[in-house]
Amino acid sequence: MSMLRGFLLLILFLLVGESLSFMLDWPISGSVIGMITLTTWLMLRGHVSQDLVAASQPLIAFLTMLIMPGVVGVFFLGAQLAGQWLAIAISLIVGTLLSVLTTLLLMNRFTRAVSESESHD
Amino acid sequence: MTDLALRWQTLPAHLADTPLLSTALTLFAFMLGARLFQVIKQPGWCPPILIASSLLALLIWVLPIGYQDYYQGAAWLMLLLGPATVALGVPLYQQFHHIRALWRPVLITLPPAAMLAAAYSVALAWWLGASPNVVASLAPKSVTAPIALGITEQIGGSASLMMGGLLITGVVATLAISLLAPRLGVTDERVIGFTLGVNGHAIGTVRAFEISAAAGAFASLGMGLTGIFTAIFLPIAWQLLAFPMP
(Lines give C-alpha, C1' and ligand atoms only; values in the text may rest on other atoms or scores of the structure.)
Protein backbone atom coordinates (compact mmCIF):
# COMPACT_ATOMS: atom_id res chain seq x y z
CA MET A 1 0.00 0.00 0.00
CA SER A 2 2.93 2.30 0.73
CA MET A 3 3.85 2.74 -2.92
CA LEU A 4 0.21 3.18 -3.89
CA ARG A 5 -0.25 5.92 -1.30
CA GLY A 6 2.82 7.66 -2.68
CA PHE A 7 1.55 7.32 -6.24
CA LEU A 8 -1.80 8.79 -5.24
CA LEU A 9 0.04 11.76 -3.71
CA LEU A 10 2.00 12.27 -6.96
CA ILE A 11 -1.23 12.15 -8.96
CA LEU A 12 -2.84 14.65 -6.59
CA PHE A 13 0.05 17.09 -7.06
CA LEU A 14 -0.20 16.52 -10.81
CA LEU A 15 -3.90 17.39 -10.59
CA VAL A 16 -3.09 20.59 -8.69
CA GLY A 17 -0.43 21.48 -11.28
CA GLU A 18 -2.72 20.73 -14.20
CA SER A 19 -5.53 22.81 -12.67
CA LEU A 20 -3.23 25.78 -12.01
CA SER A 21 -1.78 25.56 -15.53
CA PHE A 22 -5.28 25.54 -17.01
CA MET A 23 -6.86 28.18 -14.77
CA LEU A 24 -4.01 30.67 -15.12
CA ASP A 25 -3.54 29.79 -18.81
CA TRP A 26 0.20 29.23 -18.35
CA PRO A 27 2.32 27.68 -21.08
CA ILE A 28 4.08 25.53 -18.41
CA SER A 29 2.92 21.92 -18.21
CA GLY A 30 0.99 20.73 -15.16
CA SER A 31 3.69 18.20 -14.32
CA VAL A 32 6.37 20.86 -13.81
CA ILE A 33 4.03 23.01 -11.70
CA GLY A 34 3.23 19.81 -9.77
CA MET A 35 6.95 19.19 -9.22
CA ILE A 36 7.50 22.70 -7.86
CA THR A 37 4.36 22.49 -5.70
CA LEU A 38 5.53 19.15 -4.29
CA THR A 39 9.01 20.52 -3.46
CA THR A 40 7.45 23.57 -1.77
CA TRP A 41 5.04 21.37 0.20
CA LEU A 42 7.89 19.09 1.34
CA MET A 43 9.95 22.10 2.43
CA LEU A 44 7.06 23.45 4.48
CA ARG A 45 6.55 20.03 6.06
CA GLY A 46 10.25 19.50 6.68
CA HIS A 47 10.36 15.78 5.89
CA VAL A 48 9.50 13.33 3.12
CA SER A 49 7.38 10.23 3.79
CA GLN A 50 8.51 6.69 2.97
CA ASP A 51 5.40 6.36 0.76
CA LEU A 52 6.52 9.17 -1.47
CA VAL A 53 10.07 7.83 -1.74
CA ALA A 54 8.76 4.34 -2.60
CA ALA A 55 6.62 5.74 -5.42
CA SER A 56 9.04 8.30 -6.83
CA GLN A 57 12.23 6.23 -7.00
CA PRO A 58 11.04 3.65 -9.57
CA LEU A 59 9.32 6.34 -11.65
CA ILE A 60 12.53 8.39 -11.83
CA ALA A 61 14.56 5.27 -12.68
CA PHE A 62 12.27 4.55 -15.65
CA LEU A 63 11.96 8.15 -16.81
CA THR A 64 13.77 7.46 -20.09
CA MET A 65 11.63 4.38 -20.80
CA LEU A 66 8.51 6.55 -20.65
CA ILE A 67 9.66 8.75 -23.55
CA MET A 68 10.63 5.77 -25.74
CA PRO A 69 7.23 5.42 -27.52
CA GLY A 70 7.54 8.98 -28.82
CA VAL A 71 11.28 9.00 -29.36
CA VAL A 72 11.38 5.88 -31.53
CA GLY A 73 9.11 7.63 -34.06
CA VAL A 74 12.16 9.41 -35.46
CA PHE A 75 13.35 6.13 -36.99
CA PHE A 76 10.17 6.04 -39.10
CA LEU A 77 10.23 9.61 -40.44
CA GLY A 78 12.70 8.81 -43.24
CA ALA A 79 11.05 9.89 -46.47
CA GLN A 80 9.15 12.87 -45.02
CA LEU A 81 12.36 14.71 -44.31
CA ALA A 82 14.41 13.70 -47.30
CA GLY A 83 17.17 16.21 -48.00
CA GLN A 84 17.00 17.76 -44.54
CA TRP A 85 18.61 15.01 -42.49
CA LEU A 86 22.10 16.49 -42.72
CA ALA A 87 20.88 19.90 -41.55
CA ILE A 88 18.96 18.25 -38.70
CA ALA A 89 21.91 16.09 -37.60
CA ILE A 90 24.45 18.93 -37.74
CA SER A 91 22.24 21.43 -35.94
CA LEU A 92 21.38 18.94 -33.17
CA ILE A 93 24.90 17.60 -32.65
CA VAL A 94 26.92 20.82 -33.06
CA GLY A 95 24.23 22.89 -31.32
CA THR A 96 24.19 20.58 -28.32
CA LEU A 97 28.00 20.46 -28.09
CA LEU A 98 28.12 24.27 -28.10
CA SER A 99 25.36 24.66 -25.53
CA VAL A 100 26.90 22.06 -23.19
CA LEU A 101 30.20 23.92 -23.45
CA THR A 102 28.52 27.26 -22.67
CA THR A 103 26.55 25.94 -19.68
CA LEU A 104 29.59 24.17 -18.23
CA LEU A 105 31.77 27.28 -18.51
CA LEU A 106 29.13 29.69 -17.16
CA MET A 107 28.01 27.49 -14.26
CA ASN A 108 31.57 26.56 -13.33
CA ARG A 109 32.67 30.18 -13.32
CA PHE A 110 29.81 31.41 -11.14
CA THR A 111 30.01 28.41 -8.80
CA ARG A 112 33.72 29.02 -8.26
CA ALA A 113 33.03 32.66 -7.51
CA VAL A 114 30.56 31.58 -4.80
CA SER A 115 32.95 29.00 -3.32
CA GLU A 116 35.80 31.53 -3.26
CA SER A 117 33.73 34.25 -1.60
CA GLU A 118 32.61 31.69 1.00
CA SER A 119 36.19 30.72 1.76
CA HIS A 120 37.06 34.42 2.24
CA ASP A 121 34.29 34.88 4.82
CA MET B 1 -8.26 -26.26 -39.24
CA THR B 2 -8.49 -23.56 -41.88
CA ASP B 3 -10.28 -21.43 -39.30
CA LEU B 4 -7.32 -21.77 -36.97
CA ALA B 5 -4.88 -20.94 -39.77
CA LEU B 6 -6.89 -17.85 -40.61
CA ARG B 7 -6.90 -16.76 -36.99
CA TRP B 8 -3.14 -17.29 -36.83
CA GLN B 9 -2.74 -14.95 -39.77
CA THR B 10 -4.81 -12.21 -38.18
CA LEU B 11 -3.26 -12.66 -34.72
CA PRO B 12 -0.61 -9.90 -35.15
CA ALA B 13 -3.30 -7.43 -36.24
CA HIS B 14 -5.46 -8.40 -33.27
CA LEU B 15 -2.60 -8.05 -30.78
CA ALA B 16 -1.58 -4.73 -32.32
CA ASP B 17 -5.09 -3.46 -31.48
CA THR B 18 -4.47 -4.05 -27.77
CA PRO B 19 -1.77 -2.19 -25.79
CA LEU B 20 -0.23 -5.55 -24.80
CA LEU B 21 2.21 -6.07 -27.64
CA SER B 22 3.44 -2.48 -27.70
CA THR B 23 3.92 -2.45 -23.93
CA ALA B 24 5.78 -5.76 -23.95
CA LEU B 25 8.04 -4.55 -26.79
CA THR B 26 8.87 -1.31 -24.97
CA LEU B 27 9.67 -3.02 -21.65
CA PHE B 28 11.68 -5.72 -23.42
CA ALA B 29 13.72 -3.23 -25.48
CA PHE B 30 14.35 -1.03 -22.44
CA MET B 31 15.57 -3.96 -20.32
CA LEU B 32 17.66 -5.44 -23.11
CA GLY B 33 19.16 -2.00 -23.75
CA ALA B 34 20.09 -1.66 -20.07
CA ARG B 35 21.55 -5.17 -20.13
CA LEU B 36 23.63 -4.59 -23.27
CA PHE B 37 24.83 -1.32 -21.77
CA GLN B 38 26.26 -3.32 -18.85
CA VAL B 39 27.77 -5.93 -21.17
CA ILE B 40 29.63 -3.35 -23.28
CA LYS B 41 30.99 -1.77 -20.06
CA GLN B 42 28.80 1.34 -19.83
CA PRO B 43 30.36 3.54 -22.52
CA GLY B 44 29.70 7.26 -22.08
CA TRP B 45 29.16 7.71 -25.83
CA CYS B 46 26.26 5.28 -26.05
CA PRO B 47 23.69 5.63 -23.25
CA PRO B 48 21.21 2.77 -22.68
CA ILE B 49 18.31 4.81 -24.12
CA LEU B 50 20.03 4.94 -27.52
CA ILE B 51 20.56 1.16 -27.56
CA ALA B 52 16.99 0.55 -26.35
CA SER B 53 15.39 2.90 -28.90
CA SER B 54 17.36 1.40 -31.79
CA LEU B 55 16.36 -2.11 -30.67
CA LEU B 56 12.74 -1.05 -30.38
CA ALA B 57 12.78 0.53 -33.85
CA LEU B 58 14.31 -2.67 -35.23
CA LEU B 59 11.63 -4.82 -33.56
CA ILE B 60 8.80 -2.66 -34.90
CA TRP B 61 10.35 -2.75 -38.34
CA VAL B 62 10.81 -6.54 -38.35
CA LEU B 63 7.38 -7.38 -36.89
CA PRO B 64 4.27 -7.02 -39.03
CA ILE B 65 3.11 -3.92 -37.17
CA GLY B 66 3.57 -0.29 -38.16
CA TYR B 67 4.85 2.55 -35.98
CA GLN B 68 1.34 4.06 -35.77
CA ASP B 69 -0.07 0.76 -34.40
CA TYR B 70 2.81 0.51 -31.96
CA TYR B 71 2.38 4.12 -30.78
CA GLN B 72 -1.34 3.73 -30.16
CA GLY B 73 -0.62 0.80 -27.88
CA ALA B 74 2.34 2.32 -26.05
CA ALA B 75 1.08 5.90 -25.69
CA TRP B 76 -0.24 5.18 -22.18
CA LEU B 77 3.37 4.79 -20.98
CA MET B 78 3.94 8.44 -21.85
CA LEU B 79 1.04 9.39 -19.59
CA LEU B 80 3.24 8.22 -16.70
CA LEU B 81 5.67 11.01 -17.61
CA GLY B 82 3.32 13.32 -15.68
CA PRO B 83 3.64 11.64 -12.25
CA ALA B 84 7.32 10.86 -13.01
CA THR B 85 8.08 14.56 -13.52
CA VAL B 86 6.22 15.43 -10.30
CA ALA B 87 8.29 12.70 -8.56
CA LEU B 88 11.47 14.70 -9.33
CA GLY B 89 10.27 17.06 -6.59
CA VAL B 90 11.39 14.45 -4.02
CA PRO B 91 15.15 14.44 -4.81
CA LEU B 92 14.87 18.19 -5.34
CA TYR B 93 13.67 18.55 -1.74
CA GLN B 94 16.16 16.00 -0.35
CA GLN B 95 19.11 17.84 -1.92
CA PHE B 96 17.79 21.30 -1.29
CA HIS B 97 20.66 22.29 1.01
CA HIS B 98 23.02 21.94 -1.99
CA ILE B 99 20.74 24.02 -4.18
CA ARG B 100 20.34 26.74 -1.54
CA ALA B 101 24.14 27.12 -1.44
CA LEU B 102 24.27 27.71 -5.20
CA TRP B 103 21.01 29.56 -5.92
CA ARG B 104 22.85 32.58 -7.31
CA PRO B 105 24.96 30.77 -9.96
CA VAL B 106 21.89 28.71 -10.88
CA LEU B 107 19.73 31.77 -11.50
CA ILE B 108 22.46 33.67 -13.37
CA THR B 109 23.41 30.72 -15.59
CA LEU B 110 19.93 29.54 -16.42
CA PRO B 111 18.57 32.25 -18.79
CA PRO B 112 21.58 32.40 -21.14
CA ALA B 113 22.09 28.62 -20.98
CA ALA B 114 18.46 27.78 -21.77
CA MET B 115 18.22 30.42 -24.50
CA LEU B 116 21.43 29.25 -26.17
CA ALA B 117 20.41 25.56 -25.91
CA ALA B 118 17.60 26.45 -28.34
CA ALA B 119 19.33 29.26 -30.25
CA TYR B 120 22.46 27.40 -31.41
CA SER B 121 20.43 24.64 -33.06
CA VAL B 122 17.73 26.92 -34.45
CA ALA B 123 20.38 29.17 -36.00
CA LEU B 124 22.36 26.24 -37.43
CA ALA B 125 19.24 24.56 -38.86
CA TRP B 126 18.06 27.86 -40.38
CA TRP B 127 21.48 28.54 -41.87
CA LEU B 128 21.67 25.01 -43.33
CA GLY B 129 18.35 25.57 -45.08
CA ALA B 130 15.95 23.46 -43.01
CA SER B 131 12.24 24.20 -43.52
CA PRO B 132 10.42 26.39 -40.94
CA ASN B 133 8.55 23.27 -39.81
CA VAL B 134 11.82 21.45 -39.09
CA VAL B 135 13.33 24.48 -37.33
CA ALA B 136 10.27 24.68 -35.06
CA SER B 137 10.52 20.95 -34.32
CA LEU B 138 14.14 21.29 -33.20
CA ALA B 139 13.71 24.39 -31.01
CA PRO B 140 12.47 22.63 -27.82
CA LYS B 141 15.20 19.97 -28.07
CA SER B 142 16.58 20.51 -24.56
CA VAL B 143 13.18 20.62 -22.85
CA THR B 144 11.67 17.72 -20.94
CA ALA B 145 9.08 15.82 -23.02
CA PRO B 146 5.79 16.86 -21.32
CA ILE B 147 6.70 20.57 -21.68
CA ALA B 148 8.27 20.15 -25.12
CA LEU B 149 5.03 18.64 -26.45
CA GLY B 150 3.20 21.75 -25.22
CA ILE B 151 5.76 24.04 -26.90
CA THR B 152 5.39 22.18 -30.20
CA GLU B 153 1.63 22.76 -30.03
CA GLN B 154 2.32 26.49 -29.69
CA ILE B 155 5.10 27.15 -32.20
CA GLY B 156 4.32 24.30 -34.60
CA GLY B 157 6.50 21.52 -35.95
CA SER B 158 6.35 17.75 -35.98
CA ALA B 159 5.99 16.00 -32.61
CA SER B 160 7.84 12.90 -33.90
CA LEU B 161 10.82 14.90 -35.11
CA MET B 162 10.81 16.90 -31.86
CA MET B 163 10.91 13.67 -29.80
CA GLY B 164 13.70 12.32 -32.01
CA GLY B 165 15.55 15.59 -31.43
CA LEU B 166 15.15 15.01 -27.70
CA LEU B 167 16.80 11.60 -28.04
CA ILE B 168 19.78 12.88 -30.03
CA THR B 169 20.17 15.94 -27.80
CA GLY B 170 20.04 13.84 -24.62
CA VAL B 171 22.60 11.40 -25.99
CA VAL B 172 24.95 14.09 -27.34
CA ALA B 173 24.66 16.13 -24.12
CA THR B 174 25.63 13.09 -22.03
CA LEU B 175 28.52 12.35 -24.35
CA ALA B 176 29.66 15.98 -24.51
CA ILE B 177 29.80 16.31 -20.74
CA SER B 178 31.89 13.18 -20.30
CA LEU B 179 34.25 14.56 -22.96
CA LEU B 180 34.34 18.24 -22.03
CA ALA B 181 34.15 18.28 -18.22
CA PRO B 182 37.54 16.59 -17.62
CA ARG B 183 39.21 18.67 -20.35
CA LEU B 184 37.91 21.92 -18.87
CA GLY B 185 38.89 20.78 -15.39
CA VAL B 186 35.29 20.80 -14.14
CA THR B 187 34.98 18.28 -11.32
CA ASP B 188 32.12 19.81 -9.28
CA GLU B 189 29.27 17.27 -9.45
CA ARG B 190 26.74 20.04 -8.90
CA VAL B 191 27.96 21.88 -12.02
CA ILE B 192 28.03 18.66 -14.07
CA GLY B 193 24.54 17.68 -12.87
CA PHE B 194 23.10 21.12 -13.64
CA THR B 195 24.63 21.09 -17.13
CA LEU B 196 23.19 17.61 -17.75
CA GLY B 197 19.69 18.72 -16.72
CA VAL B 198 19.70 22.03 -18.64
CA ASN B 199 20.92 20.47 -21.89
CA GLY B 200 19.98 16.82 -21.70
CA HIS B 201 16.47 16.89 -20.04
CA ALA B 202 15.34 13.44 -18.72
CA ILE B 203 18.17 11.53 -20.42
CA GLY B 204 20.79 13.81 -18.87
CA THR B 205 19.00 13.71 -15.51
CA VAL B 206 19.03 9.90 -15.42
CA ARG B 207 22.76 10.04 -16.21
CA ALA B 208 23.28 12.58 -13.41
CA PHE B 209 21.61 10.26 -10.88
CA GLU B 210 24.19 7.63 -11.89
CA ILE B 211 26.94 10.08 -10.86
CA SER B 212 25.50 11.03 -7.46
CA ALA B 213 22.33 12.10 -5.65
CA ALA B 214 23.55 15.72 -5.58
CA ALA B 215 24.24 15.70 -9.33
CA GLY B 216 20.76 14.22 -9.86
CA ALA B 217 19.10 16.92 -7.80
CA PHE B 218 20.91 19.67 -9.73
CA ALA B 219 19.93 17.97 -12.98
CA SER B 220 16.27 17.84 -11.89
CA LEU B 221 16.48 21.52 -11.03
CA GLY B 222 18.17 22.39 -14.33
CA MET B 223 15.63 20.34 -16.28
CA GLY B 224 12.64 21.89 -14.51
CA LEU B 225 13.93 25.46 -14.80
CA THR B 226 14.92 25.05 -18.45
CA GLY B 227 11.45 23.68 -19.16
CA ILE B 228 9.70 26.59 -17.46
CA PHE B 229 11.98 29.22 -18.97
CA THR B 230 11.83 27.80 -22.52
CA ALA B 231 8.04 27.36 -22.42
CA ILE B 232 7.73 31.10 -21.81
CA PHE B 233 10.62 32.32 -23.93
CA LEU B 234 10.26 30.28 -27.17
CA PRO B 235 6.69 31.33 -28.11
CA ILE B 236 7.65 34.97 -27.48
CA ALA B 237 10.86 34.62 -29.51
CA TRP B 238 8.88 32.99 -32.33
CA GLN B 239 6.53 35.99 -32.40
CA LEU B 240 9.36 38.54 -32.28
CA LEU B 241 11.30 36.81 -35.05
CA ALA B 242 8.06 36.54 -37.05
CA PHE B 243 8.51 32.81 -37.59
CA PRO B 244 5.33 31.14 -38.85
CA MET B 245 3.11 29.93 -36.00
CA PRO B 246 0.22 27.48 -36.38
# chains A, B, ... in the order shown; residues from 1 in each chain; ligands from 1

call {"tool": "residues_around", "arguments": {"residues": "Arg100 (chain B)", "least_positions_apart": "6", "cutoff": "12 Å", "atoms": "only C-alpha atoms", "output": "number ranges by chain"}}
result
A: 114; B: 92-94, 106-107, 190, 217-218, 221

call {"tool": "write_last_selection", "arguments": {"atoms": "all heavy atoms", "output": "tab-separated table (two decimals), in the first residue's frame"}}
result
chain	number	residue	atom	x	y	z
A	114	VAL	N	31.27	31.75	-6.07
A	114	VAL	CA	30.56	31.58	-4.80
A	114	VAL	C	31.45	30.87	-3.79
A	114	VAL	O	31.60	31.29	-2.65
A	114	VAL	CB	29.24	30.79	-5.01
A	114	VAL	CG1	28.68	30.33	-3.68
A	114	VAL	CG2	28.23	31.63	-5.74
B	92	LEU	N	14.66	16.74	-5.38
B	92	LEU	CA	14.87	18.19	-5.34
B	92	LEU	C	14.80	18.68	-3.89
B	92	LEU	O	15.63	19.47	-3.44
B	92	LEU	CB	13.79	18.86	-6.18
B	92	LEU	CG	14.15	20.12	-6.94
B	92	LEU	CD1	15.38	19.90	-7.78
B	92	LEU	CD2	12.99	20.54	-7.83
B	93	TYR	N	13.80	18.18	-3.15
B	93	TYR	CA	13.67	18.55	-1.74
B	93	TYR	C	14.82	17.96	-0.91
B	93	TYR	O	15.42	18.66	-0.10
B	93	TYR	CB	12.32	18.06	-1.19
B	93	TYR	CG	12.31	18.00	0.31
B	93	TYR	CD1	12.25	19.17	1.07
B	93	TYR	CD2	12.38	16.78	0.98
B	93	TYR	CE1	12.27	19.12	2.45
B	93	TYR	CE2	12.41	16.73	2.36
B	93	TYR	CZ	12.35	17.90	3.09
B	93	TYR	OH	12.39	17.85	4.45
B	94	GLN	N	15.13	16.67	-1.16
B	94	GLN	CA	16.16	16.00	-0.35
B	94	GLN	C	17.53	16.65	-0.50
B	94	GLN	O	18.34	16.62	0.41
B	94	GLN	CB	16.25	14.52	-0.74
B	94	GLN	CG	15.06	13.71	-0.25
B	94	GLN	CD	15.02	12.32	-0.85
B	94	GLN	OE1	15.46	12.10	-1.98
B	94	GLN	NE2	14.49	11.37	-0.10
B	106	VAL	N	22.97	29.38	-10.13
B	106	VAL	CA	21.89	28.71	-10.88
B	106	VAL	C	21.04	29.74	-11.61
B	106	VAL	O	20.79	29.63	-12.81
B	106	VAL	CB	21.02	27.85	-9.93
B	106	VAL	CG1	19.70	27.48	-10.58
B	106	VAL	CG2	21.77	26.58	-9.52
B	107	LEU	N	20.63	30.78	-10.89
B	107	LEU	CA	19.73	31.77	-11.50
B	107	LEU	C	20.42	32.63	-12.54
B	107	LEU	O	19.80	33.08	-13.49
B	107	LEU	CB	19.09	32.65	-10.42
B	107	LEU	CG	18.02	31.94	-9.58
B	107	LEU	CD1	17.31	32.93	-8.66
B	107	LEU	CD2	17.00	31.22	-10.45
B	190	ARG	N	27.93	19.18	-8.82
B	190	ARG	CA	26.74	20.04	-8.90
B	190	ARG	C	26.71	20.75	-10.25
B	190	ARG	O	25.65	20.87	-10.88
B	190	ARG	CB	26.76	21.06	-7.75
B	190	ARG	CG	26.78	20.40	-6.38
B	190	ARG	CD	27.05	21.39	-5.28
B	190	ARG	NE	28.33	22.08	-5.47
B	190	ARG	CZ	28.78	23.04	-4.64
B	190	ARG	NH1	28.06	23.40	-3.59
B	190	ARG	NH2	29.93	23.62	-4.87
B	217	ALA	N	19.97	15.84	-8.25
B	217	ALA	CA	19.10	16.92	-7.80
B	217	ALA	C	19.34	18.18	-8.63
B	217	ALA	O	18.39	18.87	-9.03
B	217	ALA	CB	19.34	17.22	-6.33
B	218	PHE	N	20.61	18.49	-8.91
B	218	PHE	CA	20.91	19.67	-9.73
B	218	PHE	C	20.41	19.48	-11.15
B	218	PHE	O	19.97	20.44	-11.79
B	218	PHE	CB	22.41	19.98	-9.71
B	218	PHE	CG	22.77	20.92	-8.61
B	218	PHE	CD1	23.05	20.43	-7.34
B	218	PHE	CD2	22.76	22.28	-8.80
B	218	PHE	CE1	23.33	21.29	-6.31
B	218	PHE	CE2	23.05	23.15	-7.77
B	218	PHE	CZ	23.33	22.66	-6.52
B	221	LEU	N	16.70	20.08	-11.10
B	221	LEU	CA	16.48	21.52	-11.03
B	221	LEU	C	16.71	22.17	-12.39
B	221	LEU	O	15.89	22.95	-12.87
B	221	LEU	CB	17.42	22.12	-9.98
B	221	LEU	CG	17.30	23.62	-9.77
B	221	LEU	CD1	16.04	23.94	-8.99
B	221	LEU	CD2	18.52	24.17	-9.03

call {"tool": "select_by_dssp", "arguments": {"residues": "region 125-165 of chain B", "states": "helix (DSSP H, G or I)", "output": "ChimeraX atom specification"}}
result
/B:125-127,132-138,145-155,159-165

call {"tool": "closest_residue", "arguments": {"among": "B:Leu175, B:Leu124, B:Cys46, B:Ala213", "to": "chain A", "atoms": "only C-alpha atoms"}}
result
B:Leu124

call {"tool": "residues_around", "arguments": {"residues": "Ile67 (chain A)", "least_positions_apart": "4", "cutoff": "8 Å", "atoms": "only C-alpha atoms", "output": "NGL selection string"}}
result
(:A and (63 or 71)) or (:B and (77-78 or 81 or 145))

call {"tool": "residues_around", "arguments": {"residues": "Gly33 (chain B)", "least_positions_apart": "5", "cutoff": "8 Å", "atoms": "only C-alpha atoms", "output": "number ranges by chain"}}
result
B: 48-52, 55

call {"tool": "closest_residue", "arguments": {"among": "B:His201, B:Asp188, B:Arg7, B:Ser137", "to": "Leu102 (chain B)", "atoms": "only C-alpha atoms"}}
result
B:Asp188

call {"tool": "closest_residue", "arguments": {"among": "B:Leu63, B:Ala159, B:Leu21, B:Leu4", "to": "chain A", "atoms": "only C-alpha atoms"}}
result
B:Ala159

call {"tool": "closest_residue", "arguments": {"among": "A:Gly6, A:Gly34, A:Gly83, A:Gly46", "to": "chain B", "atoms": "only C-alpha atoms"}}
result
A:Gly34

call {"tool": "closest_residue", "arguments": {"among": "A:Ser29, A:Ser2, A:Ser49, A:Ser115", "to": "chain B", "atoms": "only C-alpha atoms"}}
result
A:Ser29

call {"tool": "closest_residue", "arguments": {"among": "B:Ser22, B:Gly66, B:Met245, B:Thr85", "to": "Gly17 (chain A)", "atoms": "only C-alpha atoms"}}
result
B:Thr85
